[in-house]
Amino acid sequence: MLRVLLLLTCAAALAACSSGASNEEAAAAKAAAQAASAPQKTVLDPQLKALQKAKDVQKTVDDQKQAADKAIDDQGG
């Protein structure tokens with residue numbers, strides 16, 4: 001008898017919790033989902049930016065070296 005009463009209480013509690021969401025709750029849930037999809041700042045962001053900047057500088061240096069090597073080869077050296 002106690003088990004049946006416990007099961008009925010749990011079923012009633014679950015049924016009460018599963019009622020439809022109001023428009024305000026739906027809007028709040030949608031806003032939370034959009035906020036979650038946006039990239040979040042982390043402690044590593046400054047390091048990642050510095051790493052990307054270093055990669056960009058290296059690409060510039062490599063491009064300049066390639067242009068200088070081509071100029072040397074064009075002059076016959």
# chains A, B, ... in the order shown; residues from 1 in each chain; ligands from 1

$ select_by_dssp --residues "chain A" --states "helix (DSSP H, G or I)" --output "number ranges by chain"
A: 2-17, 23-37, 45-74
